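Containing compact mmCIF, C-alpha atoms and all ligand atoms: model_36.txt.
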# COMPACT_ATOMS: atom_id res chain seq x y z
CA MET A 1 10.24 12.49 25.14
CA ILE A 2 9.37 9.86 22.53
CA PRO A 3 7.05 7.18 23.90
CA SER A 4 8.00 3.57 23.26
CA PRO A 5 6.83 1.81 21.22
CA CYS A 6 6.06 4.38 18.53
CA TYR A 7 5.77 4.65 14.75
CA ILE A 8 7.39 7.91 13.69
CA LEU A 9 6.64 9.41 10.29
CA ASN A 10 9.31 11.79 9.05
CA GLU A 11 7.60 14.77 7.44
CA ARG A 12 10.58 15.80 5.33
CA ASP A 13 10.99 12.36 3.74
CA PHE A 14 7.24 12.10 3.27
CA ARG A 15 7.06 15.45 1.51
CA ASN A 16 9.99 14.48 -0.72
CA ASN A 17 8.06 11.39 -1.85
CA LEU A 18 4.90 13.39 -2.41
CA ALA A 19 6.75 16.03 -4.42
CA LEU A 20 8.34 13.38 -6.64
CA ILE A 21 5.01 11.65 -7.22
CA ARG A 22 3.36 14.95 -8.09
CA SER A 23 6.13 15.81 -10.54
CA VAL A 24 5.69 12.45 -12.31
CA GLN A 25 1.95 13.07 -12.45
CA GLU A 26 2.50 16.46 -14.06
CA GLU A 27 5.22 15.42 -16.49
CA ALA A 28 3.44 12.30 -17.67
CA ASP A 29 0.11 14.11 -17.70
CA ILE A 30 -1.68 11.35 -15.81
CA GLN A 31 -3.51 11.05 -12.50
CA ILE A 32 -1.76 9.46 -9.52
CA ILE A 33 -3.90 8.57 -6.54
CA LEU A 34 -3.04 7.22 -3.11
CA ALA A 35 -3.92 3.60 -2.28
CA PHE A 36 -5.18 3.72 1.29
CA LYS A 37 -4.51 0.03 1.75
CA ALA A 38 -0.83 0.94 2.01
CA PHE A 39 -1.12 4.19 3.91
CA ALA A 40 -4.13 5.56 5.78
CA LEU A 41 -2.61 7.78 8.46
CA TRP A 42 -5.36 10.34 7.98
CA SER A 43 -4.05 12.86 10.46
CA VAL A 44 -1.38 13.72 7.87
CA PHE A 45 -3.77 13.85 4.91
CA PRO A 46 -3.64 17.68 5.06
CA ILE A 47 -0.01 17.26 3.94
CA VAL A 48 -0.98 14.72 1.26
CA LYS A 49 -3.64 17.07 -0.12
CA GLU A 50 -1.02 19.73 -0.82
CA TYR A 51 0.30 17.38 -3.51
CA ILE A 52 -2.43 15.02 -4.70
CA SER A 53 -6.17 15.14 -4.46
CA HIS A 54 -7.61 11.65 -4.82
CA SER A 55 -7.33 8.19 -3.37
CA THR A 56 -8.27 4.65 -4.11
CA ALA A 57 -10.41 2.67 -1.68
CA SER A 58 -10.71 -1.07 -1.40
CA SER A 59 -13.66 -1.16 0.99
CA LEU A 60 -16.55 0.85 2.37
CA TRP A 61 -14.48 2.16 5.25
CA GLU A 62 -11.66 3.31 3.01
CA ALA A 63 -14.21 5.03 0.75
CA LYS A 64 -15.61 6.81 3.81
CA LEU A 65 -12.14 7.92 4.77
CA ALA A 66 -11.64 9.31 1.27
CA VAL A 67 -14.66 11.55 1.53
CA GLU A 68 -14.19 12.50 5.19
CA GLU A 69 -10.45 13.09 5.26
CA MET A 70 -9.27 13.56 1.65
CA GLY A 71 -12.36 15.57 0.80
CA SER A 72 -12.81 13.77 -2.52
CA LYS A 73 -14.77 10.78 -3.72
CA ALA A 74 -12.87 7.51 -4.00
CA HIS A 75 -11.82 5.42 -6.94
CA THR A 76 -13.10 2.21 -5.44
CA TYR A 77 -12.13 -1.34 -6.27
CA ALA A 78 -13.03 -4.22 -3.99
CA PRO A 79 -12.70 -7.91 -4.85
CA ALA A 80 -16.44 -8.33 -4.14
CA TYR A 81 -19.20 -5.89 -3.15
CA SER A 82 -22.13 -6.85 -0.92
CA GLU A 83 -25.77 -5.76 -1.31
CA LYS A 84 -25.61 -4.43 2.24
CA GLU A 85 -22.77 -2.01 1.52
CA PHE A 86 -23.00 -1.15 -2.15
CA GLU A 87 -25.41 1.81 -1.97
CA GLU A 88 -23.17 3.57 0.51
CA ILE A 89 -20.03 2.75 -1.45
CA ALA A 90 -21.71 4.20 -4.52
CA SER A 91 -22.49 7.44 -2.69
CA LEU A 92 -18.81 7.78 -1.74
CA SER A 93 -17.20 6.90 -5.09
CA SER A 94 -16.50 8.68 -8.35
CA HIS A 95 -15.20 5.49 -9.97
CA ILE A 96 -16.13 1.91 -9.16
CA THR A 97 -14.17 -1.00 -10.58
CA PHE A 98 -15.72 -4.45 -10.53
CA ASN A 99 -13.72 -7.63 -10.17
CA SER A 100 -16.02 -9.76 -12.33
CA LEU A 101 -18.70 -9.41 -14.97
CA SER A 102 -21.26 -10.93 -12.60
CA GLN A 103 -20.60 -8.24 -9.99
CA PHE A 104 -20.83 -5.58 -12.68
CA GLU A 105 -24.18 -6.90 -13.92
CA ARG A 106 -25.53 -7.09 -10.38
CA PHE A 107 -24.55 -3.63 -9.23
CA TYR A 108 -24.30 -1.48 -12.37
CA PRO A 109 -28.01 -0.57 -12.22
CA LYS A 110 -27.42 0.93 -8.77
CA THR A 111 -24.74 3.27 -10.13
CA LYS A 112 -26.94 4.85 -12.80
CA LYS A 113 -27.81 8.55 -12.42
CA LYS A 114 -25.14 8.83 -9.73
CA ASN A 115 -22.34 10.21 -11.86
CA ILE A 116 -20.18 7.16 -11.26
CA SER A 117 -17.77 5.87 -13.85
CA CYS A 118 -17.70 2.06 -13.83
CA GLY A 119 -14.75 -0.09 -14.73
CA LEU A 120 -13.71 -3.71 -14.84
CA ARG A 121 -10.56 -5.27 -13.42
CA ILE A 122 -8.76 -7.31 -16.01
CA ASN A 123 -6.21 -10.02 -15.33
CA PRO A 124 -3.51 -10.12 -18.00
CA GLU A 125 -2.18 -13.41 -16.57
CA TYR A 126 1.27 -11.88 -16.55
CA SER A 127 3.13 -10.58 -13.56
CA GLU A 128 6.75 -9.96 -12.73
CA VAL A 129 6.01 -10.67 -9.03
CA SER A 130 7.55 -13.94 -7.88
CA THR A 131 6.03 -14.23 -4.37
CA ASP A 132 2.62 -15.88 -4.84
CA LEU A 133 1.15 -14.08 -1.82
CA TYR A 134 1.57 -10.83 -3.74
CA ASN A 135 0.99 -12.11 -7.27
CA PRO A 136 -2.51 -11.31 -8.56
CA CYS A 137 -1.80 -13.32 -11.71
CA ALA A 138 -0.84 -16.56 -9.98
CA ASN A 139 -2.55 -19.63 -11.37
CA GLY A 140 -6.25 -19.68 -10.47
CA SER A 141 -6.18 -16.10 -9.19
CA ARG A 142 -9.55 -14.72 -8.09
CA LEU A 143 -8.58 -11.19 -9.09
CA GLY A 144 -9.77 -9.78 -12.39
CA VAL A 145 -11.31 -11.08 -15.61
CA VAL A 146 -9.02 -12.91 -18.03
CA ALA A 147 -9.12 -11.97 -21.72
CA GLU A 148 -10.88 -15.12 -22.92
CA GLN A 149 -13.81 -14.41 -20.59
CA LEU A 150 -14.49 -11.02 -22.15
CA PRO A 151 -16.81 -10.39 -25.09
CA GLN A 152 -15.52 -8.44 -28.12
CA GLN A 153 -17.86 -5.64 -27.15
CA LEU A 154 -17.74 -4.56 -23.50
CA PRO A 155 -21.14 -4.41 -21.81
CA GLU A 156 -22.81 -1.01 -21.91
CA GLY A 157 -21.75 1.00 -18.85
CA ILE A 158 -18.11 -0.07 -18.64
CA GLU A 159 -16.03 3.05 -19.12
CA GLY A 160 -12.68 1.90 -17.80
CA LEU A 161 -10.32 -1.03 -17.37
CA HIS A 162 -8.10 -1.63 -14.38
CA PHE A 163 -5.14 -3.93 -13.95
CA HIS A 164 -2.94 -4.43 -10.93
CA THR A 165 -0.06 -6.84 -11.39
CA LEU A 166 2.98 -5.12 -9.90
CA CYS A 167 4.46 -5.07 -6.40
CA GLU A 168 7.45 -2.94 -5.47
CA SER A 169 8.19 -2.99 -9.18
CA ASN A 170 10.07 -0.74 -11.59
CA SER A 171 9.09 0.98 -14.82
CA PHE A 172 10.60 -1.80 -16.93
CA ASP A 173 8.23 -4.30 -15.29
CA LEU A 174 5.37 -1.96 -16.14
CA GLU A 175 6.60 -1.69 -19.72
CA LYS A 176 6.61 -5.48 -20.14
CA THR A 177 3.19 -5.74 -18.51
CA LEU A 178 1.77 -3.04 -20.74
CA THR A 179 2.91 -4.95 -23.82
CA VAL A 180 0.92 -7.99 -22.65
CA VAL A 181 -2.10 -5.91 -21.62
CA GLU A 182 -2.13 -4.30 -25.04
CA GLN A 183 -1.81 -7.64 -26.84
CA LYS A 184 -4.68 -9.17 -24.88
CA PHE A 185 -7.00 -6.22 -24.31
CA GLY A 186 -5.87 -3.53 -26.78
CA HIS A 187 -8.85 -4.20 -29.06
CA LEU A 188 -11.09 -2.91 -26.23
CA PHE A 189 -9.25 0.36 -25.64
CA HIS A 190 -11.35 2.34 -28.13
CA GLN A 191 -14.43 1.36 -26.09
CA ILE A 192 -13.20 2.88 -22.82
CA LYS A 193 -12.33 6.29 -21.40
CA TRP A 194 -9.79 5.42 -18.71
CA LEU A 195 -7.17 2.84 -17.90
CA ASN A 196 -6.04 2.34 -14.31
CA MET A 197 -2.59 0.72 -14.17
CA GLY A 198 -2.97 -0.22 -10.50
CA GLY A 199 -0.30 0.04 -7.85
CA GLY A 200 3.10 -1.49 -7.29
CA HIS A 201 4.99 1.37 -9.01
CA LEU A 202 7.78 2.03 -6.52
CA ILE A 203 8.39 5.49 -7.96
CA THR A 204 10.17 6.81 -4.87
CA HIS A 205 12.74 4.02 -4.64
CA LYS A 206 16.21 5.49 -5.17
CA GLU A 207 16.82 3.28 -8.19
CA TYR A 208 13.45 3.86 -9.83
CA ASP A 209 13.87 5.40 -13.27
CA THR A 210 11.10 8.00 -13.32
CA LYS A 211 12.24 9.34 -16.70
CA HIS A 212 11.71 5.90 -18.18
CA LEU A 213 8.28 5.63 -16.55
CA ILE A 214 7.29 8.96 -18.03
CA SER A 215 8.51 7.95 -21.49
CA VAL A 216 6.68 4.58 -21.31
CA ILE A 217 3.46 6.36 -20.40
CA LYS A 218 3.92 9.09 -22.97
CA GLN A 219 4.43 6.52 -25.71
CA PHE A 220 1.33 4.69 -24.58
CA LYS A 221 -0.68 7.89 -24.46
CA ALA A 222 0.49 8.82 -27.95
CA LYS A 223 -1.14 5.62 -29.21
CA TYR A 224 -4.31 6.06 -27.18
CA PRO A 225 -4.71 9.81 -26.69
CA HIS A 226 -8.35 9.48 -25.62
CA LEU A 227 -7.44 7.39 -22.55
CA HIS A 228 -7.17 9.02 -19.13
CA ILE A 229 -4.35 7.15 -17.34
CA ILE A 230 -4.49 6.53 -13.62
CA LEU A 231 -1.80 5.00 -11.36
CA GLU A 232 -2.70 4.06 -7.80
CA PRO A 233 0.49 3.27 -5.90
CA GLY A 234 0.48 2.97 -2.14
CA SER A 235 3.93 1.94 -0.96
CA ALA A 236 5.63 4.62 -3.04
CA PHE A 237 3.98 7.36 -0.98
CA ALA A 238 5.30 6.15 2.35
CA TRP A 239 8.47 4.37 1.19
CA GLN A 240 11.37 5.01 3.58
CA THR A 241 9.46 7.68 5.48
CA GLY A 242 9.61 6.46 9.03
CA ASN A 243 10.55 3.98 11.68
CA LEU A 244 9.19 1.89 14.50
CA LEU A 245 10.92 2.73 17.73
CA SER A 246 11.01 0.06 20.41
CA THR A 247 12.76 -0.79 23.67
CA VAL A 248 14.63 -3.84 24.95
CA LEU A 249 12.69 -5.23 27.93
CA ASP A 250 14.79 -8.28 28.67
CA ILE A 251 17.53 -10.45 27.24
CA VAL A 252 17.14 -14.22 27.33
CA GLU A 253 19.52 -16.95 26.21
CA ASN A 254 18.82 -20.51 25.10
CA GLY A 255 20.91 -22.96 23.08
CA GLY A 256 23.57 -20.31 22.55
CA ILE A 257 21.05 -17.86 21.06
CA LYS A 258 20.58 -14.52 22.74
CA THR A 259 17.20 -12.88 22.21
CA ALA A 260 16.44 -9.26 22.95
CA MET A 261 12.84 -9.21 24.13
CA LEU A 262 11.17 -6.05 22.82
CA ASP A 263 8.03 -4.04 23.57
CA VAL A 264 6.89 -4.63 19.97
CA SER A 265 5.85 -7.74 18.11
CA PHE A 266 6.67 -8.91 14.58
CA ALA A 267 3.30 -10.62 14.39
CA CYS A 268 1.34 -7.56 15.52
CA HIS A 269 3.40 -4.57 14.48
CA MET A 270 5.61 -5.71 11.58
CA PRO A 271 3.52 -8.53 10.07
CA ASP A 272 5.07 -8.36 6.60
CA CYS A 273 8.41 -9.45 8.08
CA LEU A 274 6.83 -12.82 8.86
CA GLU A 275 4.44 -12.97 5.90
CA MET A 276 6.76 -12.05 3.04
CA PRO A 277 9.12 -12.84 4.83
CA TYR A 278 11.81 -10.15 4.91
CA LYS A 279 14.45 -9.01 7.34
CA PRO A 280 14.01 -5.39 8.38
CA THR A 281 16.87 -2.97 8.85
CA ILE A 282 17.72 -1.95 12.41
CA LYS A 283 19.47 1.38 12.83
CA GLY A 284 23.08 0.82 13.86
CA ALA A 285 22.90 -2.98 13.55
CA TYR A 286 24.36 -5.17 10.84
CA GLU A 287 24.52 -8.74 9.59
CA PRO A 288 25.82 -11.26 12.16
CA THR A 289 29.54 -10.73 12.47
CA ALA A 290 31.99 -12.98 14.33
CA GLY A 291 33.27 -11.35 17.50
CA LYS A 292 30.39 -8.87 17.71
CA PRO A 293 27.46 -9.12 20.14
CA THR A 294 24.70 -10.84 18.15
CA TYR A 295 21.01 -11.10 18.94
CA ARG A 296 17.66 -12.23 17.73
CA MET A 297 14.89 -9.71 18.19
CA GLY A 298 11.99 -11.24 20.09
CA GLY A 299 8.41 -9.98 19.82
CA ASN A 300 6.18 -9.55 22.84
CA SER A 301 3.36 -11.85 21.74
CA CYS A 302 3.27 -15.52 22.77
CA LEU A 303 3.50 -16.76 19.19
CA SER A 304 6.59 -18.97 19.08
CA GLY A 305 7.59 -17.63 15.69
CA ASP A 306 7.30 -14.00 16.76
CA PHE A 307 11.00 -13.26 16.35
CA TYR A 308 13.48 -12.40 13.66
CA GLY A 309 17.22 -12.61 13.48
CA ASP A 310 20.03 -12.21 13.74
CA TRP A 311 21.72 -8.85 13.96
CA SER A 312 25.09 -7.82 15.35
CA PHE A 313 25.73 -4.63 17.30
CA ASP A 314 28.88 -2.78 18.27
CA LYS A 315 28.04 -3.15 21.97
CA GLU A 316 26.19 -5.65 24.16
CA LEU A 317 22.52 -4.72 24.34
CA GLN A 318 21.15 -3.66 27.70
CA VAL A 319 17.62 -3.58 29.10
CA GLY A 320 16.22 -0.14 28.25
CA ASP A 321 18.15 0.22 24.97
CA THR A 322 16.27 1.62 21.99
CA ILE A 323 15.87 -0.53 18.88
CA ILE A 324 14.75 1.31 15.75
CA PHE A 325 13.28 -0.69 12.87
CA GLU A 326 13.58 1.30 9.66
CA ASP A 327 10.99 1.83 6.93
CA MET A 328 8.00 0.70 8.98
CA ILE A 329 5.26 2.96 7.64
CA HIS A 330 3.82 1.63 4.34
CA TYR A 331 1.47 -1.32 4.92
CA THR A 332 2.96 -1.92 8.38
CA LEU A 333 0.79 0.73 10.03
CA VAL A 334 -2.47 -0.36 8.46
CA LYS A 335 -1.85 -4.04 9.09
CA THR A 336 -1.21 -3.95 12.82
CA THR A 337 -3.28 -6.07 15.18
CA ILE A 338 -3.96 -6.22 18.89
CA PHE A 339 -3.37 -9.97 19.08
CA ASN A 340 -2.44 -10.95 22.64
CA GLY A 341 -3.65 -7.53 23.78
CA VAL A 342 -0.15 -6.22 23.32
CA THR A 343 0.10 -2.46 23.60
CA HIS A 344 -0.24 -0.82 20.21
CA PRO A 345 2.62 1.55 19.33
CA SER A 346 1.79 5.25 19.42
CA LEU A 347 1.78 7.29 16.22
CA ALA A 348 3.93 10.37 15.86
CA LEU A 349 5.10 12.86 13.25
CA LEU A 350 8.63 14.22 13.20
CA THR A 351 7.94 17.63 11.70
CA GLU A 352 10.18 19.46 9.27
CA LYS A 353 11.22 21.68 12.16
CA GLY A 354 12.45 18.61 14.04
CA GLU A 355 9.65 18.61 16.60
CA LEU A 356 7.96 15.39 17.57
CA LYS A 357 4.19 15.67 17.36
CA LEU A 358 2.31 12.85 19.03
CA LEU A 359 -0.65 11.97 16.80
CA ARG A 360 -2.23 9.15 18.75
CA GLU A 361 -1.71 6.93 21.75
CA PHE A 362 -3.62 3.71 22.25
CA GLY A 363 -5.14 2.39 25.42
CA TYR A 364 -7.00 -0.51 26.92
CA GLN A 365 -10.33 0.79 25.54
CA ASP A 366 -9.04 0.41 21.96
CA TYR A 367 -8.45 -3.25 22.66
CA LYS A 368 -11.66 -3.79 24.62
CA SER A 369 -13.90 -2.01 22.14
CA ARG A 370 -12.88 -4.43 19.38
CA MET A 371 -13.80 -7.44 21.45
CA GLY A 372 -17.38 -6.66 22.31
C1 LIG A 401 -5.80 -3.02 -6.62
C2 LIG A 401 -4.61 -2.43 -5.96
N1 LIG A 401 -4.27 -1.16 -6.22
C3 LIG A 401 -3.19 -0.57 -5.63
C4 LIG A 401 -2.41 -1.27 -4.73
C5 LIG A 401 -1.24 -0.57 -4.10
O1 LIG A 401 -0.06 -1.22 -4.41
P1 LIG A 401 1.35 -0.71 -3.86
O2 LIG A 401 1.16 -0.33 -2.45
O3 LIG A 401 2.24 -1.90 -4.03
O4 LIG A 401 1.77 0.43 -4.71
C6 LIG A 401 -2.73 -2.60 -4.43
C7 LIG A 401 -1.93 -3.38 -3.49
O5 LIG A 401 -2.17 -4.50 -3.19
C8 LIG A 401 -3.87 -3.20 -5.05
O6 LIG A 401 -4.22 -4.46 -4.76

Show the structure stored in the file as C-alpha cells.
Amino acid sequence: MIPSPCYILNERDFRNNLALIRSVQEEADIQIILAFKAFALWSVFPIVKEYISHSTASSLWEAKLAVEEMGSKAHTYAPAYSEKEFEEIASLSSHITFNSLSQFERFYPKTKKKNISCGLRINPEYSEVSTDLYNPCANGSRLGVVAEQLPQQLPEGIEGLHFHTLCESNSFDLEKTLTVVEQKFGHLFHQIKWLNMGGGHLITHKEYDTKHLISVIKQFKAKYPHLHIILEPGSAFAWQTGNLLSTVLDIVENGGIKTAMLDVSFACHMPDCLEMPYKPTIKGAYEPTAGKPTYRMGGNSCLSGDFYGDWSFDKELQVGDTIIFEDMIHYTLVKTTIFNGVTHPSLALLTEKGELKLLREFGYQDYKSRMG
C-alpha cells in the first residue's frame, strides 16, 4: 500500500540516468560529480556510488553528507564561507572553490597543509539562461569574479577555475559558453590544473546530444591537455526518475472554476512550479479540453496562490482519487518546506523488482523539532 502523499523514486529510471552519466564520463575522460543541491536522497547513495564516486557541496551540511554518505570528500563551492564554519568545511573537502578574491585571501591560509585544491569561480558574463532567477550572469550578479577583476597572474594557491552558467541546457549552449570563457579567461588556463564547468548539463534529457558533448569536451581537452575537466550536474541525475503521488481530499467550485483540493501543496512540495513558474505533468491528465471535466489543482496550505491549473481528465474527479505529478524528484525533494505544518510526503523507492520500499515517513516531531 503506497502512503499518500509520497515521493516515489523509480530505481530503473534512476540507474539508466546514472549509467548514461558514467558512460559520458568515461568516453569524454572527465570527472562528473553529483550536485547535492539538486538531489540529496542519501538513502539511495549506495546506488549512486555504483556509478560515480564524488559530489559537489554548496554548504557545510552538504559537505558532511558527502563524507558520511558518499564516503568521499566534497568539491565544495559556497557563495560565501563564514569563519565559524570554514575549518570544518576544509576538513570535509578535497576541492574548495571561492566566489571572490577576498574570500580566497581570507581563507586560503586555512587550507594549507590540508591537501585541498583551491579554485575560484569566474563569471563569464554570458549565459543562455533567460529566467533571471536561474541566471548567474544576470546584470549585477553576485556569483563569480568577472574577467576585468582578475590579475594577469592568478594569486598563488589557485589551482582551478569554476564556472556555472547553464540551467537545463544542452551541449550547444555549453559550446557557446566555452568559447566566451576561453576568450575571457583562456590566458589563465596554463596557470591552473582543473576547470569545473559547473552544472546545468541536462545530459539525461531525451534530446540531449551526448555525442556532441563528448566531442566539444574532447576538442577542448586537445587544446588544454593538462586540464582536469569536471562537470557537476544535479538535475541530470534525477531527471524523470520519479513522481509525487497525492490524493484528492475535496472538490470546491467558485466562479465556474472547479478546484481539486489535494493532500500536497505547490508551495511546500513543488515550489519550482510557483517559482519558475512551470506547469507540471499529471499522469492521465491533459491540457484543458472543451467537453472534458477540467480542474485546478489546489494545494493544502493557506497561501492563496497555492494552486496550479488547469488540467482536463477523462472522468470527473472524486474524493479519494490519486493524482500523480510527474518528474518531481530533482530539486523538488530538497526544496520542500513544512510551511503551515502540512504533512510532509513520505519518501519511497520503487525497486527494479517492482517492490515499493518505504524510505522515510515524516511526523509531528519533524515539524516541531525545527521550530524550537
Ligand atoms: C554552482 C552550481 N553547480 C552545480 C549546480 C547544479 O546544476 P543543475 O542541477 O542544473 O545541473 C548548480 C545549480 O544551481 C550550481 O549553482

Exercise answer, 7 Å around ligand LIG 401 (chain A) with only C-alpha atoms and all ligand atoms, as a ChimeraX atom specification: /A:35,37-38,77,164,166-168,198-202,232-236

Could you list, as a ChimeraX atom specification, every residue within 12 Å of segment 275-289 of chain A, counting all atoms listed in the file and ignoring same-chain residues fewer than 3 positions away? /A:130-135,167,240,242-246,266-268,270-272,292-297,305-317,322-328,332,335

Write out as a PyMOL selection string the residues lying within 12 Å of Val44 of chain A, counting all atoms listed in the file and excluding same-chain residues fewer than 6 positions away. chain A and resi 9-11+14-15+50+69-70+238+347-351+357-360

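Only residues having an atom at most 8 Å from (-2.1, 0.1, 9.4) are included; using only C-alpha atoms, these are Ala38, Phe39, Ala40, Leu41, His330, Tyr331, Thr332, Leu333, Val334, Lys335 and Thr336 of chain A.
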
What is the atom CA of Val248 of chain A to atom CA of Ala260 of chain A distance in Å? 6.1 Å

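Here the question is which of A:Ser94, A:Gln152, A:Ser59, A:Ser23 gets nearest to His75 of chain A using all atoms listed in the file, and that residue is A:Ser94.
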
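Taking atom CA of Gly255 of chain A as the reference point, atom CA of Gly299 of chain A is found at 18.3 Å.
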
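Compared by their closest atoms to Met1 of chain A, and using all atoms listed in the file, the residues A:Ile52, A:Leu161, A:Arg370, A:Leu356 rank with A:Leu356 nearest.
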
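The gap separating atom CA of Phe98 of chain A from atom CA of Glu27 of chain A is 29.5 Å, in Å to one decimal.
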
Near-Ser215 of chain A list (12 Å; only C-alpha atoms; drop same-chain fewer than 3 positions) as number ranges by chain: A: 24, 27-29, 171-172, 174-175, 209-212, 218-222

Residues within 9 Å of (13.8, 5.6, -3.5), file coords, all atoms listed in the file, listed as a short mmCIF file (atom, residue, chain, number, x, y, z; two decimals) with C-alpha atoms, in the frame of the given file:
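Saved file out-v6.cif follows:
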data_model
loop_
_atom_site.label_atom_id
_atom_site.label_comp_id
_atom_site.auth_asym_id
_atom_site.auth_seq_id
_atom_site.Cartn_x
_atom_site.Cartn_y
_atom_site.Cartn_z
CA ASN A 17 8.06 11.39 -1.85
CA LEU A 202 7.78 2.03 -6.52
CA ILE A 203 8.39 5.49 -7.96
CA THR A 204 10.17 6.81 -4.87
CA HIS A 205 12.74 4.02 -4.64
CA LYS A 206 16.21 5.49 -5.17
CA GLU A 207 16.82 3.28 -8.19
CA TYR A 208 13.45 3.86 -9.83
CA ALA A 236 5.63 4.62 -3.04
CA TRP A 239 8.47 4.37 1.19
CA GLN A 240 11.37 5.01 3.58
#

Emit as AutoDock Vina command-line options the padded axis-aligned box for all listed atoms of segment 91-102 of chain A, 5 Å per side, with centre and edge lengths in Å to one decimal.
--center_x -18.1 --center_y -1.1 --center_z -8.4 --size_x 18.8 --size_y 29.6 --size_z 23.2

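In terms of minimum interatomic distance to Ser117 of chain A, A:Ser93 ranks closest within A:Asn139, A:Ser93, A:Ser55, A:Gln365, counting all atoms listed in the file.
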